[in-house]
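> Data file model03.cif (mmCIF, C-alpha atoms and all ligand atoms) is appended below.
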```cif
data_input
#
loop_
_atom_site.group_PDB
_atom_site.id
_atom_site.type_symbol
_atom_site.label_atom_id
_atom_site.label_comp_id
_atom_site.auth_asym_id
_atom_site.auth_seq_id
_atom_site.Cartn_x
_atom_site.Cartn_y
_atom_site.Cartn_z
ATOM 1 C CA MET A 1173 12.984 -38.755 -37.625
ATOM 2 C CA LYS A 1174 16.542 -38.991 -36.319
ATOM 3 C CA VAL A 1175 17.683 -38.146 -32.809
ATOM 4 C CA SER A 1176 21.252 -37.084 -32.040
ATOM 5 C CA GLN A 1177 22.809 -36.599 -28.656
ATOM 6 C CA THR A 1178 26.255 -35.631 -29.856
ATOM 7 C CA ILE A 1179 27.594 -32.671 -31.816
ATOM 8 C CA ASP A 1180 29.499 -34.965 -34.206
ATOM 9 C CA SER A 1181 26.345 -36.867 -35.067
ATOM 10 C CA VAL A 1182 24.410 -33.641 -35.790
ATOM 11 C CA ARG A 1183 27.208 -32.346 -38.018
ATOM 12 C CA GLU A 1184 27.199 -35.615 -39.977
ATOM 13 C CA LYS A 1185 23.430 -35.583 -40.535
ATOM 14 C CA VAL A 1186 23.381 -31.922 -41.511
ATOM 15 C CA LYS A 1187 26.238 -32.595 -43.947
ATOM 16 C CA ASP A 1188 24.192 -35.396 -45.571
ATOM 17 C CA ALA A 1189 21.183 -33.096 -45.913
ATOM 18 C CA ARG A 1190 23.355 -30.372 -47.463
ATOM 19 C CA LYS A 1191 24.776 -32.911 -49.941
ATOM 20 C CA GLN A 1192 21.201 -33.503 -51.077
ATOM 21 C CA GLY A 1193 20.872 -29.749 -51.662
ATOM 22 C CA LYS A 1194 18.552 -29.226 -48.702
ATOM 23 C CA THR A 1195 18.213 -25.963 -46.775
ATOM 24 C CA ILE A 1196 18.429 -26.258 -42.998
ATOM 25 C CA GLY A 1197 15.992 -24.743 -40.484
ATOM 26 C CA LEU A 1198 16.681 -24.738 -36.733
ATOM 27 C CA VAL A 1199 14.107 -24.408 -33.933
ATOM 28 C CA PRO A 1200 15.961 -23.992 -30.611
ATOM 29 C CA THR A 1201 13.873 -25.070 -27.583
ATOM 30 C CA MET A 1202 14.219 -26.187 -23.988
ATOM 31 C CA GLY A 1203 11.621 -28.922 -24.507
ATOM 32 C CA ALA A 1204 8.306 -29.547 -22.705
ATOM 33 C CA LEU A 1205 6.943 -28.802 -26.139
ATOM 34 C CA HIS A 1206 3.537 -27.224 -26.696
ATOM 35 C CA GLU A 1207 1.651 -25.742 -29.645
ATOM 36 C CA GLY A 1208 3.806 -22.603 -29.526
ATOM 37 C CA HIS A 1209 6.922 -24.649 -30.254
ATOM 38 C CA ILE A 1210 5.094 -26.686 -32.887
ATOM 39 C CA SER A 1211 4.055 -23.485 -34.693
ATOM 40 C CA LEU A 1212 7.775 -22.701 -35.062
ATOM 41 C CA VAL A 1213 8.362 -26.183 -36.506
ATOM 42 C CA GLU A 1214 5.535 -25.613 -38.978
ATOM 43 C CA ALA A 1215 7.017 -22.273 -40.040
ATOM 44 C CA ALA A 1216 10.411 -23.968 -40.434
ATOM 45 C CA ARG A 1217 8.922 -26.741 -42.564
ATOM 46 C CA LYS A 1218 7.355 -24.174 -44.880
ATOM 47 C CA LYS A 1219 10.643 -22.369 -45.452
ATOM 48 C CA CYS A 1220 13.309 -25.086 -45.130
ATOM 49 C CA ASP A 1221 13.810 -28.640 -46.432
ATOM 50 C CA PHE A 1222 15.459 -30.140 -43.344
ATOM 51 C CA VAL A 1223 14.152 -29.141 -39.910
ATOM 52 C CA VAL A 1224 16.263 -29.538 -36.791
ATOM 53 C CA VAL A 1225 14.756 -29.042 -33.314
ATOM 54 C CA SER A 1226 17.180 -28.686 -30.428
ATOM 55 C CA ILE A 1227 15.914 -29.699 -27.003
ATOM 56 C CA PHE A 1228 18.305 -28.503 -24.335
ATOM 57 C CA VAL A 1229 17.582 -27.014 -20.928
ATOM 58 C CA ASN A 1230 20.494 -24.604 -21.016
ATOM 59 C CA PRO A 1231 22.079 -24.225 -17.560
ATOM 60 C CA THR A 1232 23.943 -21.007 -18.437
ATOM 61 C CA GLN A 1233 20.741 -19.000 -18.881
ATOM 62 C CA PHE A 1234 19.330 -19.823 -15.430
ATOM 63 C CA GLY A 1235 20.215 -17.846 -12.315
ATOM 64 C CA PRO A 1236 21.212 -19.738 -9.145
ATOM 65 C CA ALA A 1237 17.774 -19.259 -7.543
ATOM 66 C CA GLU A 1238 15.828 -20.130 -10.715
ATOM 67 C CA ASP A 1239 13.994 -23.275 -11.820
ATOM 68 C CA PHE A 1240 16.766 -25.118 -13.729
ATOM 69 C CA ASP A 1241 16.407 -28.304 -11.634
ATOM 70 C CA LYS A 1242 12.634 -28.454 -11.679
ATOM 71 C CA TYR A 1243 12.231 -27.369 -15.341
ATOM 72 C CA PRO A 1244 10.065 -30.099 -17.011
ATOM 73 C CA ARG A 1245 11.957 -32.588 -19.204
ATOM 74 C CA PRO A 1246 9.343 -34.941 -20.740
ATOM 75 C CA ILE A 1247 11.692 -36.121 -23.495
ATOM 76 C CA GLU A 1248 9.669 -39.144 -24.720
ATOM 77 C CA ASP A 1249 6.590 -36.998 -25.119
ATOM 78 C CA ASP A 1250 8.638 -34.275 -26.850
ATOM 79 C CA LEU A 1251 10.095 -36.757 -29.336
ATOM 80 C CA LYS A 1252 6.586 -37.979 -30.210
ATOM 81 C CA LYS A 1253 5.436 -34.404 -30.813
ATOM 82 C CA CYS A 1254 8.465 -33.706 -33.012
ATOM 83 C CA GLU A 1255 7.846 -36.870 -35.026
ATOM 84 C CA GLN A 1256 4.179 -35.942 -35.531
ATOM 85 C CA ALA A 1257 5.161 -32.427 -36.582
ATOM 86 C CA GLY A 1258 7.491 -33.744 -39.299
ATOM 87 C CA VAL A 1259 10.817 -32.798 -37.707
ATOM 88 C CA ASP A 1260 13.825 -34.370 -39.489
ATOM 89 C CA LEU A 1261 16.351 -34.292 -36.654
ATOM 90 C CA VAL A 1262 16.158 -33.694 -32.907
ATOM 91 C CA PHE A 1263 19.356 -32.593 -31.189
ATOM 92 C CA ASN A 1264 19.075 -33.466 -27.506
ATOM 93 C CA PRO A 1265 22.546 -33.065 -26.002
ATOM 94 C CA SER A 1266 23.553 -33.518 -22.361
ATOM 95 C CA PRO A 1267 24.888 -30.478 -20.460
ATOM 96 C CA ASN A 1268 28.319 -32.133 -20.615
ATOM 97 C CA GLU A 1269 28.151 -32.423 -24.422
ATOM 98 C CA MET A 1270 27.417 -28.689 -24.723
ATOM 99 C CA TYR A 1271 29.681 -27.559 -21.890
ATOM 100 C CA PRO A 1272 32.503 -30.096 -21.390
ATOM 101 C CA GLU A 1273 34.451 -27.434 -19.494
ATOM 102 C CA LYS A 1274 33.559 -24.444 -17.344
ATOM 103 C CA VAL A 1275 32.548 -21.697 -19.776
ATOM 104 C CA ILE A 1276 35.093 -18.898 -20.164
ATOM 105 C CA THR A 1277 34.048 -17.793 -23.655
ATOM 106 C CA TRP A 1278 30.764 -15.899 -23.741
ATOM 107 C CA VAL A 1279 28.796 -14.083 -26.414
ATOM 108 C CA ASN A 1280 27.342 -10.979 -24.828
ATOM 109 C CA VAL A 1281 24.999 -8.400 -26.357
ATOM 110 C CA GLU A 1282 25.107 -5.150 -24.364
ATOM 111 C CA LYS A 1283 22.507 -2.451 -23.645
ATOM 112 C CA ILE A 1284 19.373 -4.135 -25.059
ATOM 113 C CA THR A 1285 19.868 -6.964 -22.537
ATOM 114 C CA GLU A 1286 19.786 -4.582 -19.560
ATOM 115 C CA ASN A 1287 16.106 -3.562 -19.390
ATOM 116 C CA LEU A 1288 12.949 -5.745 -19.076
ATOM 117 C CA CYS A 1289 13.868 -9.395 -18.306
ATOM 118 C CA GLY A 1290 17.565 -8.458 -18.249
ATOM 119 C CA SER A 1291 17.140 -6.377 -15.100
ATOM 120 C CA SER A 1292 15.543 -9.174 -13.072
ATOM 121 C CA ARG A 1293 17.551 -12.032 -14.611
ATOM 122 C CA PRO A 1294 21.197 -10.935 -14.615
ATOM 123 C CA GLY A 1295 23.287 -13.120 -16.919
ATOM 124 C CA HIS A 1296 20.222 -14.684 -18.544
ATOM 125 C CA PHE A 1297 20.709 -13.209 -22.010
ATOM 126 C CA ARG A 1298 24.450 -13.898 -21.964
ATOM 127 C CA GLY A 1299 23.524 -17.576 -21.494
ATOM 128 C CA VAL A 1300 20.948 -17.389 -24.297
ATOM 129 C CA THR A 1301 23.245 -15.693 -26.813
ATOM 130 C CA THR A 1302 26.101 -18.052 -25.949
ATOM 131 C CA VAL A 1303 24.031 -21.219 -26.356
ATOM 132 C CA CYS A 1304 22.385 -19.940 -29.546
ATOM 133 C CA SER A 1305 25.822 -19.109 -31.008
ATOM 134 C CA LYS A 1306 26.937 -22.636 -30.182
ATOM 135 C CA LEU A 1307 23.780 -24.134 -31.731
ATOM 136 C CA PHE A 1308 24.208 -21.988 -34.856
ATOM 137 C CA ASN A 1309 27.834 -23.184 -35.151
ATOM 138 C CA ILE A 1310 26.844 -26.824 -34.653
ATOM 139 C CA VAL A 1311 23.746 -26.945 -36.890
ATOM 140 C CA THR A 1312 24.781 -24.221 -39.394
ATOM 141 C CA PRO A 1313 21.140 -23.410 -40.233
ATOM 142 C CA ASP A 1314 20.069 -21.147 -43.095
ATOM 143 C CA MET A 1315 17.226 -19.952 -40.888
ATOM 144 C CA ALA A 1316 16.454 -20.148 -37.165
ATOM 145 C CA PHE A 1317 12.931 -19.749 -35.801
ATOM 146 C CA PHE A 1318 12.059 -17.910 -32.588
ATOM 147 C CA GLY A 1319 8.781 -16.906 -30.924
ATOM 148 C CA GLN A 1320 7.468 -13.389 -30.387
ATOM 149 C CA LYS A 1321 6.519 -14.756 -26.929
ATOM 150 C CA ASP A 1322 10.118 -14.052 -25.873
ATOM 151 C CA ALA A 1323 10.213 -10.687 -27.638
ATOM 152 C CA GLN A 1324 13.397 -9.405 -26.012
ATOM 153 C CA GLN A 1325 15.165 -12.690 -26.776
ATOM 154 C CA SER A 1326 14.241 -12.437 -30.486
ATOM 155 C CA ILE A 1327 15.448 -8.829 -30.657
ATOM 156 C CA VAL A 1328 18.711 -9.709 -28.894
ATOM 157 C CA ILE A 1329 19.351 -12.713 -31.163
ATOM 158 C CA LYS A 1330 18.640 -10.659 -34.293
ATOM 159 C CA ARG A 1331 21.099 -8.005 -33.114
ATOM 160 C CA MET A 1332 23.764 -10.627 -32.316
ATOM 161 C CA VAL A 1333 23.386 -12.177 -35.782
ATOM 162 C CA ALA A 1334 23.658 -8.757 -37.427
ATOM 163 C CA ASP A 1335 26.590 -7.541 -35.306
ATOM 164 C CA LEU A 1336 28.604 -10.752 -35.713
ATOM 165 C CA ASN A 1337 27.679 -11.290 -39.400
ATOM 166 C CA MET A 1338 26.355 -14.755 -38.679
ATOM 167 C CA PRO A 1339 25.238 -16.291 -41.987
ATOM 168 C CA LEU A 1340 21.622 -17.086 -41.179
ATOM 169 C CA GLU A 1341 18.202 -15.472 -41.137
ATOM 170 C CA ILE A 1342 16.182 -15.123 -37.928
ATOM 171 C CA VAL A 1343 12.438 -15.652 -38.363
ATOM 172 C CA VAL A 1344 10.114 -14.497 -35.565
ATOM 173 C CA CYS A 1345 6.728 -16.254 -35.296
ATOM 174 C CA PRO A 1346 3.520 -15.040 -33.572
ATOM 175 C CA ILE A 1347 2.504 -15.928 -30.001
ATOM 176 C CA ILE A 1348 0.258 -18.987 -29.660
ATOM 177 C CA ARG A 1349 -2.245 -18.668 -26.804
ATOM 178 C CA GLU A 1350 -4.507 -20.837 -24.664
ATOM 179 C CA GLU A 1351 -8.246 -20.320 -25.136
ATOM 180 C CA ASN A 1352 -8.321 -17.856 -22.233
ATOM 181 C CA GLY A 1353 -5.570 -15.758 -23.842
ATOM 182 C CA LEU A 1354 -2.688 -16.961 -21.672
ATOM 183 C CA ALA A 1355 0.459 -17.253 -23.823
ATOM 184 C CA MET A 1356 1.489 -20.893 -24.040
ATOM 185 C CA SER A 1357 4.634 -21.652 -22.062
ATOM 186 C CA SER A 1358 6.375 -24.724 -20.700
ATOM 187 C CA ARG A 1359 6.157 -22.980 -17.313
ATOM 188 C CA ASN A 1360 2.314 -23.000 -17.446
ATOM 189 C CA LYS A 1361 2.681 -26.613 -16.240
ATOM 190 C CA TYR A 1362 3.578 -25.209 -12.812
ATOM 191 C CA LEU A 1363 0.200 -23.406 -12.531
ATOM 192 C CA SER A 1364 -2.960 -24.698 -10.807
ATOM 193 C CA GLU A 1365 -6.288 -24.299 -12.647
ATOM 194 C CA GLN A 1366 -7.079 -21.219 -10.539
ATOM 195 C CA GLU A 1367 -3.661 -19.710 -11.271
ATOM 196 C CA LYS A 1368 -4.133 -20.335 -15.016
ATOM 197 C CA GLU A 1369 -7.437 -18.496 -14.799
ATOM 198 C CA ASP A 1370 -5.787 -15.595 -12.954
ATOM 199 C CA ALA A 1371 -2.907 -15.595 -15.466
ATOM 200 C CA SER A 1372 -5.376 -14.807 -18.277
ATOM 201 C CA TYR A 1373 -5.442 -11.267 -16.836
ATOM 202 C CA ILE A 1374 -1.960 -10.693 -18.265
ATOM 203 C CA TYR A 1375 -3.328 -10.833 -21.815
ATOM 204 C CA LYS A 1376 -6.516 -8.993 -20.732
ATOM 205 C CA SER A 1377 -4.373 -6.085 -19.592
ATOM 206 C CA LEU A 1378 -2.383 -6.108 -22.855
ATOM 207 C CA GLN A 1379 -5.628 -6.168 -24.840
ATOM 208 C CA LYS A 1380 -6.884 -3.146 -22.916
ATOM 209 C CA CYS A 1381 -3.623 -1.370 -23.733
ATOM 210 C CA MET A 1382 -4.076 -2.222 -27.433
ATOM 211 C CA GLU A 1383 -7.652 -0.887 -27.357
ATOM 212 C CA MET A 1384 -6.540 2.356 -25.715
ATOM 213 C CA ILE A 1385 -3.800 2.829 -28.316
ATOM 214 C CA ASP A 1386 -6.344 2.180 -31.076
ATOM 215 C CA SER A 1387 -8.501 4.933 -29.601
ATOM 216 C CA GLY A 1388 -5.611 7.384 -29.629
ATOM 217 C CA SER A 1389 -3.873 7.017 -26.216
ATOM 218 C CA ARG A 1390 -0.152 7.711 -26.516
ATOM 219 C CA GLU A 1391 1.095 8.488 -22.962
ATOM 220 C CA THR A 1392 2.814 5.347 -21.731
ATOM 221 C CA GLU A 1393 2.252 6.269 -18.047
ATOM 222 C CA THR A 1394 -1.524 6.241 -18.585
ATOM 223 C CA LEU A 1395 -1.377 2.932 -20.454
ATOM 224 C CA ILE A 1396 0.884 1.286 -17.870
ATOM 225 C CA ASN A 1397 -1.323 2.494 -14.980
ATOM 226 C CA GLU A 1398 -4.373 0.988 -16.667
ATOM 227 C CA MET A 1399 -2.606 -2.358 -17.172
ATOM 228 C CA ARG A 1400 -1.445 -2.293 -13.529
ATOM 229 C CA THR A 1401 -5.028 -1.676 -12.341
ATOM 230 C CA ILE A 1402 -6.293 -4.679 -14.317
ATOM 231 C CA LEU A 1403 -3.569 -6.950 -12.928
ATOM 232 C CA LYS A 1404 -4.244 -5.730 -9.368
ATOM 233 C CA ALA A 1405 -7.682 -7.378 -9.571
ATOM 234 C CA LYS A 1406 -5.930 -10.731 -9.099
ATOM 235 C CA LYS A 1407 -4.206 -10.997 -5.719
ATOM 236 C CA SER A 1408 -2.077 -13.940 -6.897
ATOM 237 C CA ILE A 1409 -0.351 -11.783 -9.547
ATOM 238 C CA LYS A 1410 2.826 -10.008 -8.460
ATOM 239 C CA VAL A 1411 3.996 -7.621 -11.183
ATOM 240 C CA GLU A 1412 7.712 -7.683 -11.973
ATOM 241 C CA TYR A 1413 7.483 -5.095 -14.733
ATOM 242 C CA ILE A 1414 4.985 -3.481 -17.072
ATOM 243 C CA SER A 1415 6.929 -1.525 -19.669
ATOM 244 C CA ILE A 1416 6.477 0.169 -22.986
ATOM 245 C CA VAL A 1417 9.809 0.401 -24.782
ATOM 246 C CA ASP A 1418 11.268 1.412 -28.098
ATOM 247 C CA GLU A 1419 11.394 -1.675 -30.319
ATOM 248 C CA LYS A 1420 15.025 -1.158 -31.271
ATOM 249 C CA THR A 1421 16.732 0.176 -28.130
ATOM 250 C CA LEU A 1422 14.346 -1.494 -25.655
ATOM 251 C CA GLU A 1423 14.527 1.675 -23.563
ATOM 252 C CA ASN A 1424 11.412 2.952 -21.789
ATOM 253 C CA ILE A 1425 9.558 5.648 -23.696
ATOM 254 C CA ASP A 1426 7.137 8.356 -22.477
ATOM 255 C CA LYS A 1427 5.071 8.617 -25.618
ATOM 256 C CA ILE A 1428 4.293 5.965 -28.190
ATOM 257 C CA GLN A 1429 5.519 6.680 -31.671
ATOM 258 C CA GLY A 1430 6.721 4.389 -34.466
ATOM 259 C CA LYS A 1431 7.509 0.843 -33.474
ATOM 260 C CA SER A 1432 7.469 -0.072 -29.809
ATOM 261 C CA LEU A 1433 6.733 -2.984 -27.523
ATOM 262 C CA ALA A 1434 4.410 -3.375 -24.541
ATOM 263 C CA ALA A 1435 5.837 -6.077 -22.295
ATOM 264 C CA ILE A 1436 4.839 -7.627 -18.983
ATOM 265 C CA ALA A 1437 6.514 -9.997 -16.539
ATOM 266 C CA VAL A 1438 4.691 -11.266 -13.453
ATOM 267 C CA ARG A 1439 5.010 -13.929 -10.838
ATOM 268 C CA ILE A 1440 2.149 -16.145 -9.798
ATOM 269 C CA GLY A 1441 3.370 -18.067 -6.787
ATOM 270 C CA SER A 1442 6.919 -18.984 -7.771
ATOM 271 C CA THR A 1443 6.103 -19.154 -11.498
ATOM 272 C CA ARG A 1444 7.428 -16.366 -13.695
ATOM 273 C CA LEU A 1445 5.320 -15.528 -16.766
ATOM 274 C CA ILE A 1446 5.945 -13.056 -19.583
ATOM 275 C CA ASP A 1447 3.836 -11.668 -22.426
ATOM 276 C CA ASN A 1448 3.942 -8.751 -24.836
ATOM 277 C CA PHE A 1449 2.602 -7.186 -27.966
ATOM 278 C CA PRO A 1450 4.370 -5.185 -30.657
ATOM 279 C CA ILE A 1451 2.954 -1.726 -31.329
ATOM 280 C CA ASP A 1452 3.258 -0.125 -34.752
ATOM 281 C CA ILE A 1453 1.770 3.302 -35.304
ATOM 282 C CA THR A 1454 4.038 4.347 -38.173
HETATM 283 P P1 LIG B 1501 11.578 -22.284 -24.839
HETATM 284 O O1 LIG B 1501 11.479 -23.772 -24.989
HETATM 285 O O2 LIG B 1501 10.654 -21.724 -23.815
HETATM 286 O O3 LIG B 1501 12.999 -21.800 -24.707
HETATM 287 O O4 LIG B 1501 11.052 -21.683 -26.213
HETATM 288 C C1 LIG B 1501 11.617 -22.066 -27.434
HETATM 289 C C2 LIG B 1501 11.089 -21.165 -28.516
HETATM 290 O O5 LIG B 1501 9.670 -21.294 -28.594
HETATM 291 C C3 LIG B 1501 11.394 -19.690 -28.255
HETATM 292 O O6 LIG B 1501 11.776 -19.067 -29.469
HETATM 293 C C4 LIG B 1501 10.076 -19.158 -27.763
HETATM 294 O O7 LIG B 1501 9.876 -17.790 -28.005
HETATM 295 C C5 LIG B 1501 9.092 -20.004 -28.564
HETATM 296 N N1 LIG B 1501 7.790 -20.027 -27.902
HETATM 297 C C6 LIG B 1501 7.547 -20.357 -26.610
HETATM 298 N N2 LIG B 1501 6.236 -20.195 -26.323
HETATM 299 C C7 LIG B 1501 5.644 -19.755 -27.455
HETATM 300 C C8 LIG B 1501 4.307 -19.391 -27.800
HETATM 301 N N3 LIG B 1501 3.313 -19.443 -26.921
HETATM 302 N N4 LIG B 1501 4.059 -18.998 -29.053
HETATM 303 C C9 LIG B 1501 5.064 -18.932 -29.975
HETATM 304 N N5 LIG B 1501 6.340 -19.246 -29.716
HETATM 305 C C10 LIG B 1501 6.641 -19.648 -28.475
#
```
In structure tokens, how does this file's structure come out?


Amino acid sequence: MKVSQTIDSVREKVKDARKQGKTIGLVPTMGALHEGHISLVEAARKKCDFVVVSIFVNPTQFGPAEDFDKYPRPIEDDLKKCEQAGVDLVFNPSPNEMYPEKVITWVNVEKITENLCGSSRPGHFRGVTTVCSKLFNIVTPDMAFFGQKDAQQSIVIKRMVADLNMPLEIVVCPIIREENGLAMSSRNKYLSEQEKEDASYIYKSLQKCMEMIDSGSRETETLINEMRTILKAKKSIKVEYISIVDEKTLENIDKIQGKSLAAIAVRIGSTRLIDNFPIDIT
């Protein structure tokens, strides 16, 4: 496995791989890798010949009061995990390599970045779409792999790629969970054992919502109230949003029909956690 810290070095290695006729798969991450990230690497290995993982804690997607400074950066451990997973190249640039100057050129997707996480994290998706555009330009992947865990992010990236005719395919992979149902996340490292236990109620509430939909419930207000009641059982959980939205517009809907998304964001202490499940009753 090769490790590059510079853009020039990545371009050179990707060029070599292309010369050998290899297809390129990119897995963008912020590191502190867990089984969720590794599942994306495995999907990339199945579909592409040369797998690049980027590890970059992207400053432009964090708000001023967010956890950019304390975000975990266990790079040695991450490199070992990438090596074990069969990654070909890790791109681990410094902030200065990615942003040598103050950013004045942004890629911004409108409307679908306003609801859900967009409303509590202003500027977050503009940072995500800008860094992903840069990574796509640097690595020139045939396919890039994202997790359903960050459902809004995947939808936004897909829309950006379509709107700007970027020549790659976006593949979205399922959520990998802890045994208690908690969606794996680098931010789970911030949680105490008790908080992890409490956090399992996020998935419990989503499961209840799924069950109710299976038994014919369609009113989103009823479903959201039920999820809120389940989360209320844990005093440590502060709900940021519980929403059921149209899968394409990400706007709140009153009644479930076709493809939609149930999504939750909570805080436990100062840790922000998100989870979701796609609903398809077509
Ligand atoms: P992050 O390092 O948190 O920016 O995540 C990098 C990629 O891994 C994103 O596409 C995430 O959606 C994906 N990811 C994070 N957690 C999980 C998970 N539990 N299951 C599947 N994919 C995940």

> Record the distance separating atom CA of Ser1408 of chain A and atom CA of Ile1446 of chain A, expressed in Å with one decimal.

15.0 Å

> When the cut-off is 10 Å and you count only C-alpha atoms and all ligand atoms, which residues lie near ligand LIG 1501 (chain B), shown as number ranges by chain?

A: 1199-1213, 1225-1230, 1300, 1316-1326, 1343-1350, 1354-1359, 1446-1447

> What box, with edges along x, y and z, holds each listed atom of segment 1245-1264 of chain A when 4 Å is added on every side, and can you state its centre and edge lengths in Å to one decimal, as lines of an AutoDock Vina configuration file?


```
center_x = 11.8
center_y = -35.8
center_z = -29.3
size_x = 23.2
size_y = 14.7
size_z = 28.3
```

> Could you give me, as a list in words, the residues within 6 Å of segment 1258-1266 of chain A, counting all atoms listed in the file and dropping anything in the same chain fewer than 2 positions from it?

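Within the cut-off, the hits are Met1173, Lys1174, Val1175, Ser1176, Gln1177, Thr1178, Phe1222, Val1223, Val1224, Val1225, Ser1226, Ile1227, Phe1228, Cys1254, Glu1255, Gln1256, Asn1268 and Glu1269 of chain A.
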
> The PyMOL selection byres (((chain A and resi 1403) around 12) and not hetatm) on the file shown: which residues, as a VMD selection string?

chain A and resid 1370 to 1378 1380 1396 to 1402 1404 to 1414 1436 to 1440

> Provide the atom CA of Asp1386 of chain A to atom CA of Ala1435 of chain A distance in Å, to one decimal place.

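Atom CA of Ala1435 of chain A lies at a distance of 17.1 Å from atom CA of Asp1386 of chain A.
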
> Between atom CA of Pro1339 of chain A and atom CA of Asp1314 of chain A, measure the distance and give it in Å to one decimal.

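So the answer is 7.2 Å.
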
> Might you spell out which residues the PyMOL selection byres (((chain A and resi 1425-1430) around 9) and not hetatm) would select in the displayed file, as an mmCIF file with C-alpha atoms, in the coordinates of the input?


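The resulting expr.cif:
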```
data_model
loop_
_atom_site.group_PDB
_atom_site.id
_atom_site.type_symbol
_atom_site.label_atom_id
_atom_site.label_comp_id
_atom_site.auth_asym_id
_atom_site.auth_seq_id
_atom_site.Cartn_x
_atom_site.Cartn_y
_atom_site.Cartn_z
ATOM 1 C CA ILE A 1385 -3.800 2.829 -28.316
ATOM 2 C CA SER A 1389 -3.873 7.017 -26.216
ATOM 3 C CA ARG A 1390 -0.152 7.711 -26.516
ATOM 4 C CA GLU A 1391 1.095 8.488 -22.962
ATOM 5 C CA THR A 1392 2.814 5.347 -21.731
ATOM 6 C CA GLU A 1393 2.252 6.269 -18.047
ATOM 7 C CA SER A 1415 6.929 -1.525 -19.669
ATOM 8 C CA ILE A 1416 6.477 0.169 -22.986
ATOM 9 C CA VAL A 1417 9.809 0.401 -24.782
ATOM 10 C CA ASP A 1418 11.268 1.412 -28.098
ATOM 11 C CA GLU A 1419 11.394 -1.675 -30.319
ATOM 12 C CA LEU A 1422 14.346 -1.494 -25.655
ATOM 13 C CA GLU A 1423 14.527 1.675 -23.563
ATOM 14 C CA ASN A 1424 11.412 2.952 -21.789
ATOM 15 C CA LYS A 1431 7.509 0.843 -33.474
ATOM 16 C CA SER A 1432 7.469 -0.072 -29.809
ATOM 17 C CA ILE A 1451 2.954 -1.726 -31.329
ATOM 18 C CA ASP A 1452 3.258 -0.125 -34.752
ATOM 19 C CA ILE A 1453 1.770 3.302 -35.304
ATOM 20 C CA THR A 1454 4.038 4.347 -38.173
#
```

> I'd like to know which of A:Leu1251, A:Arg1245, A:Lys1194, A:Tyr1271 is closest to Pro1231 of chain A, using only C-alpha atoms.

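Using only C-alpha atoms, the shortest distance to Pro1231 of chain A belongs to A:Tyr1271.
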
> Run the PyMOL selection byres (((chain A and resi 1183) around 12) and not hetatm) mentally over the shown coordinates, then write out the matched residues as a list in words, using the chain letters and numbers from the document.

Ser1176, Gln1177, Thr1178, Ile1179, Asp1180, Ser1181, Val1182, Glu1184, Lys1185, Val1186, Lys1187, Asp1188, Ala1189, Arg1190, Ile1196, Val1224, Leu1261, Phe1263, Leu1307, Phe1308, Asn1309, Ile1310, Val1311, Thr1312 and Pro1313 of chain A

> Determine, counting all atoms listed in the file, which protein, DNA and RNA residues have an atom within 9 Å of an atom of His1296 of chain A; residues of the same chain fewer than 3 positions away are not included. Present the result as a PyMOL selection string.

chain A and resi 1232-1235+1285+1289-1290+1293+1299-1301

> I need the residue nearest Thr1421 of chain A from this list: A:Arg1298, A:Lys1283, A:Lys1368, A:Lys1219. Use only C-alpha atoms for the distance.

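Distance minimum relative to Thr1421 of chain A lands on A:Lys1283.
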
> Rank nothing, just name the residue among A:Glu1214, A:Ser1291, A:Thr1443, A:Asp1239 nearest to Ala1257 of chain A, using only C-alpha atoms.

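Ranking A:Glu1214, A:Ser1291, A:Thr1443, A:Asp1239 by distance to Ala1257 of chain A, first place goes to A:Glu1214.
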